[in-house]
Amino acid sequence: AVEEGEADPDAEAAADDPKREWIQRPECGGGVPFDFGCYVVHALNRLAPGRPVRVQAAGGRSEKYGTVARLYGTIEYEGGAVGLVEASFRADCSQELQVHGSRGVARLPVAWTVMGPSEIEFRHASGWCEFQTDRLAVHHESPYRLQMEDFLDAIEGRSAPRVSLAESVVSSVVLGELVRSLDERRPIDLEIPDDVLQAAARTRASTGARP
């Protein structure tokens, strides 16, 4: 489950400002889903043991721009796993990621824009209503430098992209259907071509993500 947020964009550019950013334009996919929610959905798709099959969302749109300003949703995966997405322009900024499993919970307090030393927390039950937390320090590297190095390796043919086009397509479909679920106020069954899902699964396996 992830909650991300920043200052309300309604306080920024005028609704008819021709120079306003894409994030304030519904026709450009503006709003919180493809600004913040994309990181959350990609992480869930990477970590889930099966393909995404159904989504359901709630939230709200900006009265000023018509873009989605708050998105709270569930993603159901083949095999029974469920991912929770929380992304909002109205909430205090957070980039937390939690992964819950049968042996405990892994928590990343800052999962994406890691600008300094960080750690991963592992919490599990050690008895009835007794819990133990272990912490693993993560050595800090500039995320932007690592992204640029990986991009250069890919375009110069030294390695394949860490995130494949197929994975991006899957995430885009999931995000789009979460928005449709919000607007139509109903669960949406996902329709993603098998060849795209298979290609995405191969990339996850080759980069060490859970199959």
# chains A, B, ... in the order shown; residues from 1 in each chain; ligands from 1
$ select_by_dssp --residues "range 16-55 of chain A" --states "strand (DSSP E)" --output "PyMOL selection string"
chain A and resi 52-55
$ closest_residue --among "A:Arg61, A:His42, A:Arg54, A:Arg162" --to "Gly80 in chain A" --atoms "only C-alpha atoms"
A:Arg54
$ closest_residue --among "A:Pro117, A:Phe34, A:Glu76, A:Asp134" --to "Gly104 in chain A" --atoms "only C-alpha atoms"
A:Asp134
$ atom_distance --atom1 "CA of Leu136 in chain A" --atom2 "CA of Ile120 in chain A"
5.1 Å
$ select_by_dssp --residues "range 24-198 of chain A" --states "alpha helix (DSSP H)" --output "JSON, numbers by chain"
{"A": [38, 39, 40, 41, 42, 43, 44, 45, 46, 47, 143, 144, 145, 146, 147, 148, 149, 150, 151, 152, 153, 154, 155, 165, 166, 167, 168, 169, 170, 171, 172, 173, 174, 175, 176, 177, 178, 179, 180, 181, 182, 183, 184, 194, 195, 196, 197, 198]}
$ residues_around --residues "Tyr72 in chain A" --least-positions-apart "5" --cutoff "9 Å" --atoms "only C-alpha atoms" --output "mmCIF file with N, CA and C atoms, in the first residue's frame"
data_model
loop_
_atom_site.group_PDB
_atom_site.id
_atom_site.type_symbol
_atom_site.label_atom_id
_atom_site.label_comp_id
_atom_site.auth_asym_id
_atom_site.auth_seq_id
_atom_site.Cartn_x
_atom_site.Cartn_y
_atom_site.Cartn_z
ATOM 1 N N GLU A 3 0.977 5.640 -0.183
ATOM 2 C CA GLU A 3 0.321 6.942 -0.200
ATOM 3 C C GLU A 3 1.353 7.948 -0.662
ATOM 4 N N GLN A 56 -10.473 -1.875 -8.943
ATOM 5 C CA GLN A 56 -11.601 -1.091 -8.452
ATOM 6 C C GLN A 56 -11.028 0.128 -7.741
ATOM 7 N N ALA A 57 -11.618 1.305 -7.967
ATOM 8 C CA ALA A 57 -11.036 2.528 -7.424
ATOM 9 C C ALA A 57 -12.098 3.503 -6.941
ATOM 10 N N ALA A 58 -11.662 4.391 -6.056
ATOM 11 C CA ALA A 58 -12.458 5.531 -5.606
ATOM 12 C C ALA A 58 -11.521 6.728 -5.573
ATOM 13 N N GLY A 59 -12.099 7.903 -5.359
ATOM 14 C CA GLY A 59 -11.262 9.093 -5.317
ATOM 15 C C GLY A 59 -12.036 10.303 -5.789
ATOM 16 N N LEU A 84 -2.753 -2.589 -3.055
ATOM 17 C CA LEU A 84 -3.485 -1.387 -2.655
ATOM 18 C C LEU A 84 -2.713 -0.157 -3.123
ATOM 19 N N VAL A 85 -3.420 0.744 -3.782
ATOM 20 C CA VAL A 85 -2.813 1.957 -4.320
ATOM 21 C C VAL A 85 -3.435 3.165 -3.640
ATOM 22 N N GLU A 86 -2.603 4.059 -3.122
ATOM 23 C CA GLU A 86 -3.073 5.323 -2.568
ATOM 24 C C GLU A 86 -2.199 6.421 -3.155
ATOM 25 N N ALA A 87 -2.789 7.324 -3.918
ATOM 26 C CA ALA A 87 -2.039 8.429 -4.512
ATOM 27 C C ALA A 87 -2.914 9.662 -4.501
ATOM 28 N N SER A 88 -2.390 10.767 -3.955
ATOM 29 C CA SER A 88 -3.231 11.944 -3.768
ATOM 30 C C SER A 88 -2.413 13.219 -3.834
ATOM 31 N N LEU A 178 -8.059 1.831 -13.704
ATOM 32 C CA LEU A 178 -8.335 2.367 -12.369
ATOM 33 C C LEU A 178 -9.099 3.685 -12.475
ATOM 34 N N LEU A 182 -12.920 4.481 -11.234
ATOM 35 C CA LEU A 182 -13.265 5.632 -10.403
ATOM 36 C C LEU A 182 -14.456 6.378 -11.002
#
$ closest_atom_pairs --of "range 21-137 of chain A" --to "range 196-208 of chain A" --cutoff "9 Å" --atoms "only C-alpha atoms" --output "CSV"
residue,atom,partner,partner_atom,distance
A:Arg46,CA,A:Arg204,CA,6.7
A:Gly50,CA,A:Ala201,CA,8.9
A:Arg51,CA,A:Leu197,CA,7.2
$ closest_residue --among "A:Gly176, A:Pro143, A:Gly60, A:Gly29" --to "Ile188 in chain A" --atoms "only C-alpha atoms"
A:Gly176
$ closest_residue --among "A:Val32, A:Val68, A:Cys129, A:Leu146" --to "Val114 in chain A" --atoms "only C-alpha atoms"
A:Leu146
$ residues_around --residues "Gln98 in chain A" --least-positions-apart "6" --cutoff "7 Å" --atoms "only C-alpha atoms" --output "JSON, numbers by chain"
{"A": [1, 105, 106, 107, 108]}
$ write_last_selection --atoms "N, CA and C atoms" --output "mmCIF file, in the first residue's frame"
data_model
loop_
_atom_site.group_PDB
_atom_site.id
_atom_site.type_symbol
_atom_site.label_atom_id
_atom_site.label_comp_id
_atom_site.auth_asym_id
_atom_site.auth_seq_id
_atom_site.Cartn_x
_atom_site.Cartn_y
_atom_site.Cartn_z
ATOM 1 N N ALA A 1 0.858 -1.184 0.000
ATOM 2 C CA ALA A 1 0.000 0.000 0.000
ATOM 3 C C ALA A 1 0.888 1.226 0.000
ATOM 4 N N VAL A 105 6.366 -8.464 7.084
ATOM 5 C CA VAL A 105 6.140 -7.269 6.280
ATOM 6 C C VAL A 105 7.479 -6.597 5.997
ATOM 7 N N ALA A 106 7.711 -6.275 4.740
ATOM 8 C CA ALA A 106 8.872 -5.470 4.370
ATOM 9 C C ALA A 106 8.375 -4.056 4.094
ATOM 10 N N ARG A 107 9.059 -3.067 4.645
ATOM 11 C CA ARG A 107 8.637 -1.670 4.509
ATOM 12 C C ARG A 107 9.795 -0.811 4.038
ATOM 13 N N LEU A 108 9.549 -0.055 2.968
ATOM 14 C CA LEU A 108 10.503 0.929 2.486
ATOM 15 C C LEU A 108 9.916 2.304 2.796
#
$ closest_residue --among "A:Pro49, A:Thr113, A:Glu141, A:Glu130" --to "Cys93 in chain A" --atoms "only C-alpha atoms"
A:Thr113
$ closest_residue --among "A:Ala154, A:Pro109, A:Glu27, A:Asp189" --to "Arg135 in chain A" --atoms "only C-alpha atoms"
A:Pro109
$ residues_around --residues "Pro161 in chain A" --least-positions-apart "4" --cutoff "10 Å" --atoms "only C-alpha atoms" --output "PyMOL selection string"
chain A and resi 150-155+157+165+203+207
$ write_last_selection --atoms "all heavy atoms" --output "tab-separated table (two decimals), in the first residue's frame"
chain	number	residue	atom	x	y	z
A	150	ASP	N	21.84	3.44	-16.69
A	150	ASP	CA	21.06	2.32	-17.21
A	150	ASP	C	20.49	2.66	-18.59
A	150	ASP	O	20.47	1.81	-19.49
A	150	ASP	CB	19.94	1.98	-16.23
A	150	ASP	CG	19.24	0.68	-16.59
A	150	ASP	OD1	19.89	-0.37	-16.56
A	150	ASP	OD2	18.04	0.72	-16.89
A	151	PHE	N	20.04	3.90	-18.76
A	151	PHE	CA	19.51	4.35	-20.06
A	151	PHE	C	20.59	4.29	-21.13
A	151	PHE	O	20.37	3.79	-22.24
A	151	PHE	CB	18.96	5.76	-19.92
A	151	PHE	CG	18.51	6.37	-21.22
A	151	PHE	CD1	17.35	5.93	-21.84
A	151	PHE	CD2	19.24	7.39	-21.81
A	151	PHE	CE1	16.92	6.49	-23.03
A	151	PHE	CE2	18.83	7.96	-23.00
A	151	PHE	CZ	17.67	7.51	-23.62
A	152	LEU	N	21.79	4.75	-20.81
A	152	LEU	CA	22.89	4.73	-21.77
A	152	LEU	C	23.28	3.30	-22.13
A	152	LEU	O	23.55	2.99	-23.29
A	152	LEU	CB	24.09	5.49	-21.22
A	152	LEU	CG	23.92	7.02	-21.10
A	152	LEU	CD1	25.11	7.63	-20.38
A	152	LEU	CD2	23.76	7.64	-22.48
A	153	ASP	N	23.31	2.42	-21.13
A	153	ASP	CA	23.64	1.01	-21.40
A	153	ASP	C	22.62	0.41	-22.35
A	153	ASP	O	22.97	-0.39	-23.24
A	153	ASP	CB	23.66	0.21	-20.09
A	153	ASP	CG	24.89	0.50	-19.25
A	153	ASP	OD1	25.89	1.02	-19.81
A	153	ASP	OD2	24.87	0.19	-18.04
A	154	ALA	N	21.35	0.78	-22.20
A	154	ALA	CA	20.30	0.22	-23.05
A	154	ALA	C	20.40	0.74	-24.48
A	154	ALA	O	20.35	-0.04	-25.43
A	154	ALA	CB	18.92	0.54	-22.46
A	155	ILE	N	20.54	2.06	-24.64
A	155	ILE	CA	20.54	2.60	-26.01
A	155	ILE	C	21.83	2.28	-26.76
A	155	ILE	O	21.85	2.27	-27.99
A	155	ILE	CB	20.28	4.12	-26.01
A	155	ILE	CG1	21.42	4.87	-25.32
A	155	ILE	CG2	18.94	4.44	-25.40
A	155	ILE	CD1	21.28	6.39	-25.42
A	157	GLY	N	23.30	-0.65	-26.39
A	157	GLY	CA	23.30	-2.09	-26.63
A	157	GLY	C	24.07	-2.93	-25.65
A	157	GLY	O	24.29	-4.12	-25.89
A	165	LEU	N	9.12	-2.48	-22.58
A	165	LEU	CA	7.94	-1.85	-23.15
A	165	LEU	C	6.68	-2.59	-22.73
A	165	LEU	O	5.64	-1.98	-22.43
A	165	LEU	CB	8.06	-1.80	-24.67
A	165	LEU	CG	6.85	-1.23	-25.43
A	165	LEU	CD1	6.57	0.20	-25.00
A	165	LEU	CD2	7.09	-1.31	-26.94
A	203	THR	N	10.52	-10.40	-18.77
A	203	THR	CA	11.40	-9.33	-18.30
A	203	THR	C	11.54	-9.38	-16.79
A	203	THR	O	12.64	-9.25	-16.25
A	203	THR	CB	10.86	-7.95	-18.72
A	203	THR	OG1	10.71	-7.92	-20.13
A	203	THR	CG2	11.80	-6.85	-18.28
A	207	THR	N	15.21	-10.02	-14.78
A	207	THR	CA	15.80	-8.99	-13.94
A	207	THR	C	15.71	-9.34	-12.46
A	207	THR	O	16.00	-8.51	-11.60
A	207	THR	CB	15.11	-7.63	-14.18
A	207	THR	OG1	13.70	-7.78	-14.01
A	207	THR	CG2	15.40	-7.13	-15.58
$ residues_around --residues "Gly83 in chain A" --least-positions-apart "4" --cutoff "8 Å" --atoms "only C-alpha atoms" --output "count of residues only"
7
$ atom_distance --atom1 "CA of Leu97 in chain A" --atom2 "CA of Gly127 in chain A"
24.9 Å
